[in-house]
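The file protein.tsv contains TSV, C-alpha atoms and all ligand atoms:
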chain	number	residue	atom	x	y	z
A	1046	MET	CA	-15.51	-24.13	15.71
A	1047	THR	CA	-14.27	-21.69	13.10
A	1048	ARG	CA	-14.20	-18.12	14.20
A	1049	LYS	CA	-13.83	-15.30	11.73
A	1050	LYS	CA	-10.51	-13.51	12.17
A	1051	MET	CA	-10.35	-9.87	13.19
A	1052	MET	CA	-7.72	-7.23	12.53
A	1053	ALA	CA	-8.23	-4.08	14.56
A	1054	GLY	CA	-5.93	-1.09	14.21
A	1055	ASN	CA	-5.47	0.97	17.37
A	1056	TRP	CA	-4.17	4.30	16.11
A	1057	LYS	CA	-3.67	5.52	19.71
A	1058	MET	CA	-3.02	9.32	19.86
A	1059	ASN	CA	-1.93	9.59	16.24
A	1060	LYS	CA	-3.36	11.30	13.13
A	1061	THR	CA	-5.01	14.67	12.75
A	1062	ILE	CA	-8.28	14.68	10.82
A	1063	GLY	CA	-6.47	15.30	7.54
A	1064	GLU	CA	-3.99	12.52	8.21
A	1065	ALA	CA	-6.74	10.15	9.35
A	1066	VAL	CA	-8.76	10.70	6.18
A	1067	ALA	CA	-5.64	10.06	4.09
A	1068	LEU	CA	-4.88	6.80	5.93
A	1069	ALA	CA	-8.51	5.62	5.83
A	1070	GLN	CA	-8.61	6.40	2.11
A	1071	ASP	CA	-5.34	4.56	1.53
A	1072	ILE	CA	-6.71	1.44	3.28
A	1073	SER	CA	-10.02	1.73	1.44
A	1074	ASN	CA	-8.24	2.01	-1.93
A	1075	GLN	CA	-6.66	-1.39	-1.32
A	1076	TYR	CA	-9.93	-3.00	-0.19
A	1077	ASP	CA	-10.53	-6.43	-1.61
A	1078	ASP	CA	-13.92	-8.16	-1.76
A	1079	ARG	CA	-12.37	-11.24	-0.17
A	1080	TRP	CA	-11.71	-9.36	3.08
A	1081	PRO	CA	-15.17	-9.50	4.68
A	1082	ASP	CA	-15.47	-13.30	4.47
A	1083	ALA	CA	-12.03	-13.86	5.98
A	1084	CYS	CA	-11.65	-11.08	8.47
A	1085	ASP	CA	-13.51	-8.31	10.31
A	1086	VAL	CA	-11.48	-5.16	9.68
A	1087	VAL	CA	-11.72	-2.38	12.26
A	1088	VAL	CA	-9.88	0.90	12.64
A	1089	CYS	CA	-9.87	2.68	15.99
A	1090	PRO	CA	-8.71	6.28	15.50
A	1091	PRO	CA	-8.86	9.14	18.05
A	1092	PHE	CA	-12.38	10.42	18.80
A	1093	VAL	CA	-12.10	13.45	16.49
A	1094	ASP	CA	-11.19	11.20	13.55
A	1095	LEU	CA	-14.03	8.71	13.97
A	1096	LYS	CA	-16.62	10.47	11.86
A	1097	PRO	CA	-14.20	11.45	9.07
A	1098	ALA	CA	-12.84	7.87	8.85
A	1099	LYS	CA	-16.36	6.42	8.94
A	1100	THR	CA	-17.39	8.79	6.14
A	1101	VAL	CA	-14.55	7.56	3.90
A	1102	PHE	CA	-15.59	3.92	4.38
A	1103	GLU	CA	-19.29	4.68	3.88
A	1104	PHE	CA	-18.64	6.69	0.76
A	1105	ASP	CA	-16.51	3.89	-0.69
A	1106	ARG	CA	-19.04	1.24	0.44
A	1107	VAL	CA	-16.33	-0.93	1.98
A	1108	GLU	CA	-16.90	-3.26	4.93
A	1109	ILE	CA	-14.47	-1.65	7.31
A	1110	SER	CA	-15.76	-0.76	10.77
A	1111	VAL	CA	-14.68	2.02	13.06
A	1112	GLY	CA	-14.17	1.74	16.80
A	1113	ALA	CA	-13.32	4.14	19.60
A	1114	GLN	CA	-10.41	3.75	22.03
A	1115	ASN	CA	-12.29	4.62	25.21
A	1116	VAL	CA	-15.75	5.57	26.50
A	1117	HIS	CA	-17.47	6.74	29.69
A	1118	TRP	CA	-20.13	4.51	31.23
A	1119	GLU	CA	-22.65	7.31	31.91
A	1120	GLU	CA	-24.94	8.36	29.07
A	1121	SER	CA	-24.50	12.10	29.62
A	1122	GLY	CA	-23.82	14.64	32.34
A	1123	ALA	CA	-21.13	16.66	34.06
A	1124	TYR	CA	-18.09	14.59	33.09
A	1125	THR	CA	-15.80	17.13	31.45
A	1126	GLY	CA	-13.71	15.68	28.68
A	1127	GLU	CA	-15.55	12.39	28.44
A	1128	ILE	CA	-17.44	10.74	25.55
A	1129	SER	CA	-20.54	8.56	25.99
A	1130	VAL	CA	-21.94	5.47	24.30
A	1131	PRO	CA	-24.83	7.36	22.57
A	1132	MET	CA	-22.27	9.76	21.06
A	1133	LEU	CA	-20.25	6.87	19.65
A	1134	LYS	CA	-23.40	5.15	18.50
A	1135	GLU	CA	-24.52	8.12	16.43
A	1136	ILE	CA	-21.18	8.18	14.62
A	1137	GLY	CA	-21.71	4.53	13.74
A	1138	CYS	CA	-19.00	3.00	15.90
A	1139	ALA	CA	-19.32	-0.77	15.91
A	1140	TYR	CA	-16.56	-1.40	18.48
A	1141	CYS	CA	-14.80	0.28	21.38
A	1142	ILE	CA	-11.48	-0.66	22.95
A	1143	ILE	CA	-11.59	-0.63	26.76
A	1144	GLY	CA	-9.03	-1.40	29.44
A	1145	HIS	CA	-5.99	-0.83	27.24
A	1146	SER	CA	-2.84	-1.03	29.37
A	1147	GLU	CA	-2.01	2.57	28.47
A	1148	ARG	CA	-5.33	3.68	29.95
A	1149	ARG	CA	-4.87	1.47	32.99
A	1150	GLY	CA	-1.28	2.63	33.46
A	1151	TYR	CA	-1.41	6.35	32.62
A	1152	PHE	CA	-5.02	7.18	33.47
A	1153	GLY	CA	-5.75	4.88	36.40
A	1154	GLU	CA	-8.45	2.81	34.71
A	1155	THR	CA	-9.38	-0.06	37.04
A	1156	ASN	CA	-10.95	-3.46	36.47
A	1157	GLU	CA	-14.19	-2.02	37.90
A	1158	ASP	CA	-14.14	0.83	35.37
A	1159	VAL	CA	-13.58	-1.67	32.57
A	1160	ASN	CA	-16.56	-3.69	33.77
A	1161	LYS	CA	-18.82	-0.60	33.89
A	1162	LYS	CA	-17.67	0.45	30.41
A	1163	ALA	CA	-18.27	-3.06	29.04
A	1164	LYS	CA	-21.83	-3.07	30.43
A	1165	ALA	CA	-22.59	0.40	29.04
A	1166	LEU	CA	-21.26	-0.53	25.60
A	1167	ILE	CA	-23.19	-3.79	25.46
A	1168	ALA	CA	-26.38	-1.96	26.47
A	1169	GLY	CA	-25.73	0.44	23.57
A	1170	GLN	CA	-24.98	-2.39	21.13
A	1171	ILE	CA	-21.36	-1.42	20.62
A	1172	LYS	CA	-19.00	-4.37	20.87
A	1173	PRO	CA	-16.30	-3.98	23.53
A	1174	ILE	CA	-12.73	-5.00	22.73
A	1175	ILE	CA	-11.57	-5.74	26.27
A	1176	CYS	CA	-7.78	-5.53	26.72
A	1177	VAL	CA	-5.93	-7.56	29.30
A	1178	GLY	CA	-2.24	-8.28	29.78
A	1179	GLU	CA	0.58	-8.56	32.27
A	1180	SER	CA	3.64	-6.44	32.98
A	1181	LEU	CA	7.14	-7.83	32.71
A	1182	ALA	CA	7.29	-8.00	36.52
A	1183	VAL	CA	4.20	-10.24	36.61
A	1184	ARG	CA	5.61	-12.45	33.84
A	1185	ASP	CA	8.95	-12.77	35.62
A	1186	GLU	CA	7.12	-13.71	38.84
A	1187	GLY	CA	5.45	-16.56	36.96
A	1188	THR	CA	1.89	-15.41	37.71
A	1189	THR	CA	0.83	-14.34	34.20
A	1190	LEU	CA	-2.08	-16.74	33.80
A	1191	GLU	CA	-3.58	-15.95	37.23
A	1192	PHE	CA	-3.18	-12.21	36.64
A	1193	VAL	CA	-4.68	-12.14	33.15
A	1194	CYS	CA	-7.55	-14.52	33.97
A	1195	ALA	CA	-8.43	-12.38	37.01
A	1196	GLN	CA	-8.64	-9.35	34.69
A	1197	VAL	CA	-10.97	-11.32	32.41
A	1198	ARG	CA	-13.23	-12.37	35.32
A	1199	ALA	CA	-13.40	-8.80	36.60
A	1200	ALA	CA	-14.19	-7.36	33.17
A	1201	PHE	CA	-17.06	-9.81	32.62
A	1202	ALA	CA	-18.48	-9.74	36.18
A	1203	GLY	CA	-22.28	-9.58	36.07
A	1204	ILE	CA	-22.46	-9.83	32.27
A	1205	ASP	CA	-24.61	-12.74	31.17
A	1206	ALA	CA	-23.71	-15.28	28.53
A	1207	GLY	CA	-25.89	-13.94	25.71
A	1208	LEU	CA	-24.26	-10.54	26.00
A	1209	ALA	CA	-20.72	-11.72	26.69
A	1210	LYS	CA	-20.78	-13.37	23.29
A	1211	GLU	CA	-20.67	-9.93	21.67
A	1212	CYS	CA	-17.37	-9.05	23.33
A	1213	VAL	CA	-13.86	-9.46	21.97
A	1214	VAL	CA	-10.89	-9.99	24.30
A	1215	ALA	CA	-7.43	-8.74	23.35
A	1216	TYR	CA	-4.41	-10.20	25.09
A	1217	GLU	CA	-1.68	-7.57	25.06
A	1218	PRO	CA	1.38	-8.29	27.19
A	1219	ILE	CA	2.59	-4.85	28.29
A	1220	TRP	CA	6.23	-5.78	27.69
A	1221	ALA	CA	5.45	-6.46	24.02
A	1222	ILE	CA	3.62	-3.19	23.27
A	1223	GLY	CA	5.59	-0.79	21.11
A	1224	THR	CA	8.83	-2.51	22.06
A	1225	GLY	CA	9.37	-4.66	18.98
A	1226	ARG	CA	9.53	-7.57	21.42
A	1227	THR	CA	6.65	-9.84	20.37
A	1228	ALA	CA	5.44	-12.69	22.53
A	1229	THR	CA	6.37	-15.97	20.87
A	1230	PRO	CA	3.41	-17.73	19.26
A	1231	GLU	CA	3.62	-20.32	22.07
A	1232	GLN	CA	3.60	-17.68	24.81
A	1233	ALA	CA	0.67	-15.86	23.21
A	1234	GLN	CA	-1.23	-19.11	22.62
A	1235	GLU	CA	-0.75	-20.23	26.23
A	1236	VAL	CA	-2.38	-17.07	27.57
A	1237	CYS	CA	-5.12	-16.88	24.91
A	1238	GLN	CA	-6.01	-20.49	25.67
A	1239	ALA	CA	-6.21	-19.68	29.39
A	1240	ILE	CA	-8.44	-16.70	28.60
A	1241	ARG	CA	-10.77	-18.95	26.60
A	1242	ALA	CA	-10.78	-21.51	29.40
A	1243	THR	CA	-11.79	-18.76	31.84
A	1244	LEU	CA	-14.61	-17.69	29.51
A	1245	ALA	CA	-15.67	-21.35	29.27
A	1246	GLU	CA	-15.82	-21.60	33.08
A	1247	MET	CA	-17.99	-18.48	33.18
A	1248	TYR	CA	-20.19	-19.11	30.14
A	1249	GLY	CA	-19.73	-22.69	28.93
A	1250	THR	CA	-17.65	-23.97	26.04
A	1251	ASP	CA	-20.11	-23.13	23.27
A	1252	ILE	CA	-20.02	-19.42	24.07
A	1253	ALA	CA	-16.29	-19.39	24.80
A	1254	ASP	CA	-15.61	-21.14	21.51
A	1255	ALA	CA	-17.64	-18.53	19.64
A	1256	MET	CA	-15.82	-15.55	21.18
A	1257	ARG	CA	-12.77	-13.95	19.62
A	1258	VAL	CA	-9.49	-13.58	21.46
A	1259	LEU	CA	-6.95	-11.33	19.76
A	1260	TYR	CA	-3.24	-10.92	20.35
A	1261	GLY	CA	-1.62	-7.46	20.46
A	1262	GLY	CA	1.96	-6.35	20.97
A	1263	SER	CA	4.39	-5.63	18.12
A	1264	MET	CA	2.37	-7.71	15.65
A	1265	ASN	CA	3.68	-7.02	12.16
A	1266	PRO	CA	3.67	-8.53	8.66
A	1267	GLY	CA	6.71	-10.63	9.56
A	1268	ASN	CA	5.25	-12.39	12.61
A	1269	VAL	CA	1.50	-12.36	11.93
A	1270	LYS	CA	1.21	-15.74	10.21
A	1271	LEU	CA	2.60	-17.81	13.04
A	1272	LEU	CA	0.61	-15.90	15.65
A	1273	ILE	CA	-2.77	-16.23	13.93
A	1274	ALA	CA	-2.07	-19.90	13.15
A	1275	GLN	CA	-2.37	-20.63	16.89
A	1276	PRO	CA	-5.67	-22.31	17.75
A	1277	ASP	CA	-6.81	-19.68	20.27
A	1278	ILE	CA	-5.57	-16.53	18.51
A	1279	ASP	CA	-8.29	-15.06	16.30
A	1280	GLY	CA	-6.50	-12.00	14.98
A	1281	GLY	CA	-4.69	-8.92	16.15
A	1282	LEU	CA	-4.99	-5.58	17.88
A	1283	ILE	CA	-2.34	-3.60	16.08
A	1284	GLY	CA	-0.57	-0.41	17.12
A	1285	GLY	CA	2.43	0.75	15.11
A	1286	ALA	CA	1.82	-1.45	12.07
A	1287	ALA	CA	-1.74	-0.05	11.74
A	1288	LEU	CA	-0.46	3.47	11.13
A	1289	LYS	CA	0.62	2.69	7.58
A	1290	ALA	CA	-1.85	1.30	5.05
A	1291	GLU	CA	0.78	-0.95	3.52
A	1292	SER	CA	1.55	-2.91	6.70
A	1293	PHE	CA	-2.05	-2.91	7.96
A	1294	VAL	CA	-3.28	-4.31	4.64
A	1295	GLN	CA	-0.58	-7.00	4.79
A	1296	LEU	CA	-1.89	-8.03	8.21
A	1297	ILE	CA	-5.44	-8.25	6.86
A	1298	GLU	CA	-4.27	-10.24	3.86
A	1299	ALA	CA	-2.51	-12.71	6.14
A	1300	CYS	CA	-6.04	-13.78	7.16
A	1301	LEU	CA	-7.15	-14.63	3.61
B	1401	LIG	P1	2.08	-2.15	18.98
B	1401	LIG	O1	1.54	-2.98	17.86
B	1401	LIG	O2	2.62	-0.82	18.53
B	1401	LIG	O3	3.03	-2.92	19.84
B	1401	LIG	O4	0.82	-1.78	19.93
B	1401	LIG	C1	-0.03	-2.78	20.34
B	1401	LIG	C2	-1.18	-2.16	21.03
B	1401	LIG	O5	-1.06	-1.62	22.10
B	1401	LIG	C3	-2.48	-2.21	20.34
B	1401	LIG	O6	-3.50	-1.84	21.20

Step by step, read the file and then write its structure as structure tokens.
Amino acid sequence: MTRKKMMAGNWKMNKTIGEAVALAQDISNQYDDRWPDACDVVVCPPFVDLKPAKTVFEFDRVEISVGAQNVHWEESGAYTGEISVPMLKEIGCAYCIIGHSERRGYFGETNEDVNKKAKALIAGQIKPIICVGESLAVRDEGTTLEFVCAQVRAAFAGIDAGLAKECVVAYEPIWAIGTGRTATPEQAQEVCQAIRATLAEMYGTDIADAMRVLYGGSMNPGNVKLLIAQPDIDGGLIGGAALKAESFVQLIEACL
């Protein structure tokens, strides 16, 4: 089974509209027609930057998708400060990150919330990028695989096979995010393989083999090749290295 690679940039809370347009334009200027066959390229800027970034890519007619970093599961209503699936849909978002460890850690997002968000996104035909990953304490305890696979089961609870296929899973060990301390390719592969095995238990091997599992956590142009060479790692969810066109483009080109 050959799965197309994916490189998704999570800009987190960075870039004003002006800065976002400049970065999107810089990436677009380096676009290469070989990209779409080798790799799905996605940028996930803050909500206010989604439309401006999307407009740059549409104007330039490049196959680069935009994704959000969060969403609420209700379609509309009295949820001050929240953004719904129909709002993202109208902008043309193809993806949405959910369950990032920063949202779980700082904003109390639970496995149940992630599951509700995944269902709402799928119903709205936006592909969820579901983040899972353990803390250093869990890794040191030796319970990483149990912990991460339980997060996967909870995120996919009640989602049937045909719909699960549309989802992407991103394994992001918390201790590797923004720390410069990358998981070794073997460590990342071990967990990504366990994630795929969990998906296979839930949905069968055909579906699990068709789904993409990304690695995230200090991925950069220096370590990307070995990580994406692992059999169960289908690309990256990139933080810091996605904030500069030069390094993000190098990560995309590592997939060619
Ligand atoms: P860094 O690449 O900055 O470690 O961030 C990874 C991440 O959290 C992407 O979602």

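Our summary of the geometry notes that atom CA of A:Thr1189 is positioned 16.2 Å from atom CA of A:Asn1156.
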
Nearby polymer residues, ligand LIG 1401 (chain B), at most 7 Å, all atoms listed in the file, as a PyMOL selection string: chain A and resi 1055+1145+1217+1221-1225+1261-1264+1282-1286

Which residues are close to A:Met1058, i.e. within 12 Å by only C-alpha atoms, leaving aside same-chain residues fewer than 4 positions away? Reply as a PyMOL selection string. chain A and resi 1062+1065+1089-1094+1113-1115+1147-1148+1284-1285+1288

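Take atom CA of A:Val1294 and atom CA of A:Glu1108: the distance between them is 13.7 Å.
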
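Going from atom CA of A:Ala1206 to atom CA of A:Cys1138 covers 22.7 Å.
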
Name the residues, using the chain letters and numbers of the file, that sit within 10 Å of (-15.2, 8.2, 8.6) when counting only C-alpha atoms, and give them as a list in words. Ile1062, Ala1065, Val1066, Ala1069, Gln1070, Val1088, Pro1090, Val1093, Asp1094, Leu1095, Lys1096, Pro1097, Ala1098, Lys1099, Thr1100, Val1101, Phe1102, Glu1103, Phe1104, Ile1109, Ser1110, Val1111, Ile1136, Gly1137 and Cys1138 of chain A

Starting from 6 Å padding per side, set up an axis-aligned box that covers all listed atoms of stretch 1119-1134 of chain A and hand over centre and edge lengths in Å, one decimal, as lines of an AutoDock Vina configuration file.
center_x = -19.3
center_y = 11.1
center_z = 26.3
size_x = 23.2
size_y = 24.0
size_z = 27.6

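Minimum atom-to-atom distances from A:Gly1144, A:Ala1165, A:Thr1047, A:Tyr1151 to A:Ser1121 were compared using all atoms listed in the file, and the lowest value belongs to A:Ala1165.
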
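Once A:Trp1118 and its same-chain neighbours fewer than 2 positions away are set aside, Val1116, Glu1120, Ser1129, Val1130, Lys1161, Lys1162, Lys1164, Ala1165 and Leu1166 of chain A remain within 8 Å of it when counting all atoms listed in the file.
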
12 Å contact set for A:Ile1175, all atoms listed in the file, chain neighbours under 6 positions out, as a PyMOL selection string: chain A and resi 1114-1115+1140-1146+1148-1149+1156+1158-1164+1166-1167+1193+1196-1201+1209+1211-1217+1240+1256-1261+1282

For the residues in that selection, give me C-alpha atoms as a PDB file, in the coordinates of the input.
ATOM      1  CA  GLN A1114     -10.410   3.750  22.030  1.00  0.00           C
ATOM      2  CA  ASN A1115     -12.290   4.620  25.210  1.00  0.00           C
ATOM      3  CA  TYR A1140     -16.560  -1.400  18.480  1.00  0.00           C
ATOM      4  CA  CYS A1141     -14.800   0.280  21.380  1.00  0.00           C
ATOM      5  CA  ILE A1142     -11.480  -0.660  22.950  1.00  0.00           C
ATOM      6  CA  ILE A1143     -11.590  -0.630  26.760  1.00  0.00           C
ATOM      7  CA  GLY A1144      -9.030  -1.400  29.440  1.00  0.00           C
ATOM      8  CA  HIS A1145      -5.990  -0.830  27.240  1.00  0.00           C
ATOM      9  CA  SER A1146      -2.840  -1.030  29.370  1.00  0.00           C
ATOM     10  CA  ARG A1148      -5.330   3.680  29.950  1.00  0.00           C
ATOM     11  CA  ARG A1149      -4.870   1.470  32.990  1.00  0.00           C
ATOM     12  CA  ASN A1156     -10.950  -3.460  36.470  1.00  0.00           C
ATOM     13  CA  ASP A1158     -14.140   0.830  35.370  1.00  0.00           C
ATOM     14  CA  VAL A1159     -13.580  -1.670  32.570  1.00  0.00           C
ATOM     15  CA  ASN A1160     -16.560  -3.690  33.770  1.00  0.00           C
ATOM     16  CA  LYS A1161     -18.820  -0.600  33.890  1.00  0.00           C
ATOM     17  CA  LYS A1162     -17.670   0.450  30.410  1.00  0.00           C
ATOM     18  CA  ALA A1163     -18.270  -3.060  29.040  1.00  0.00           C
ATOM     19  CA  LYS A1164     -21.830  -3.070  30.430  1.00  0.00           C
ATOM     20  CA  LEU A1166     -21.260  -0.530  25.600  1.00  0.00           C
ATOM     21  CA  ILE A1167     -23.190  -3.790  25.460  1.00  0.00           C
ATOM     22  CA  VAL A1193      -4.680 -12.140  33.150  1.00  0.00           C
ATOM     23  CA  GLN A1196      -8.640  -9.350  34.690  1.00  0.00           C
ATOM     24  CA  VAL A1197     -10.970 -11.320  32.410  1.00  0.00           C
ATOM     25  CA  ARG A1198     -13.230 -12.370  35.320  1.00  0.00           C
ATOM     26  CA  ALA A1199     -13.400  -8.800  36.600  1.00  0.00           C
ATOM     27  CA  ALA A1200     -14.190  -7.360  33.170  1.00  0.00           C
ATOM     28  CA  PHE A1201     -17.060  -9.810  32.620  1.00  0.00           C
ATOM     29  CA  ALA A1209     -20.720 -11.720  26.690  1.00  0.00           C
ATOM     30  CA  GLU A1211     -20.670  -9.930  21.670  1.00  0.00           C
ATOM     31  CA  CYS A1212     -17.370  -9.050  23.330  1.00  0.00           C
ATOM     32  CA  VAL A1213     -13.860  -9.460  21.970  1.00  0.00           C
ATOM     33  CA  VAL A1214     -10.890  -9.990  24.300  1.00  0.00           C
ATOM     34  CA  ALA A1215      -7.430  -8.740  23.350  1.00  0.00           C
ATOM     35  CA  TYR A1216      -4.410 -10.200  25.090  1.00  0.00           C
ATOM     36  CA  GLU A1217      -1.680  -7.570  25.060  1.00  0.00           C
ATOM     37  CA  ILE A1240      -8.440 -16.700  28.600  1.00  0.00           C
ATOM     38  CA  MET A1256     -15.820 -15.550  21.180  1.00  0.00           C
ATOM     39  CA  ARG A1257     -12.770 -13.950  19.620  1.00  0.00           C
ATOM     40  CA  VAL A1258      -9.490 -13.580  21.460  1.00  0.00           C
ATOM     41  CA  LEU A1259      -6.950 -11.330  19.760  1.00  0.00           C
ATOM     42  CA  TYR A1260      -3.240 -10.920  20.350  1.00  0.00           C
ATOM     43  CA  GLY A1261      -1.620  -7.460  20.460  1.00  0.00           C
ATOM     44  CA  LEU A1282      -4.990  -5.580  17.880  1.00  0.00           C
TER      45      LEU A1282
END
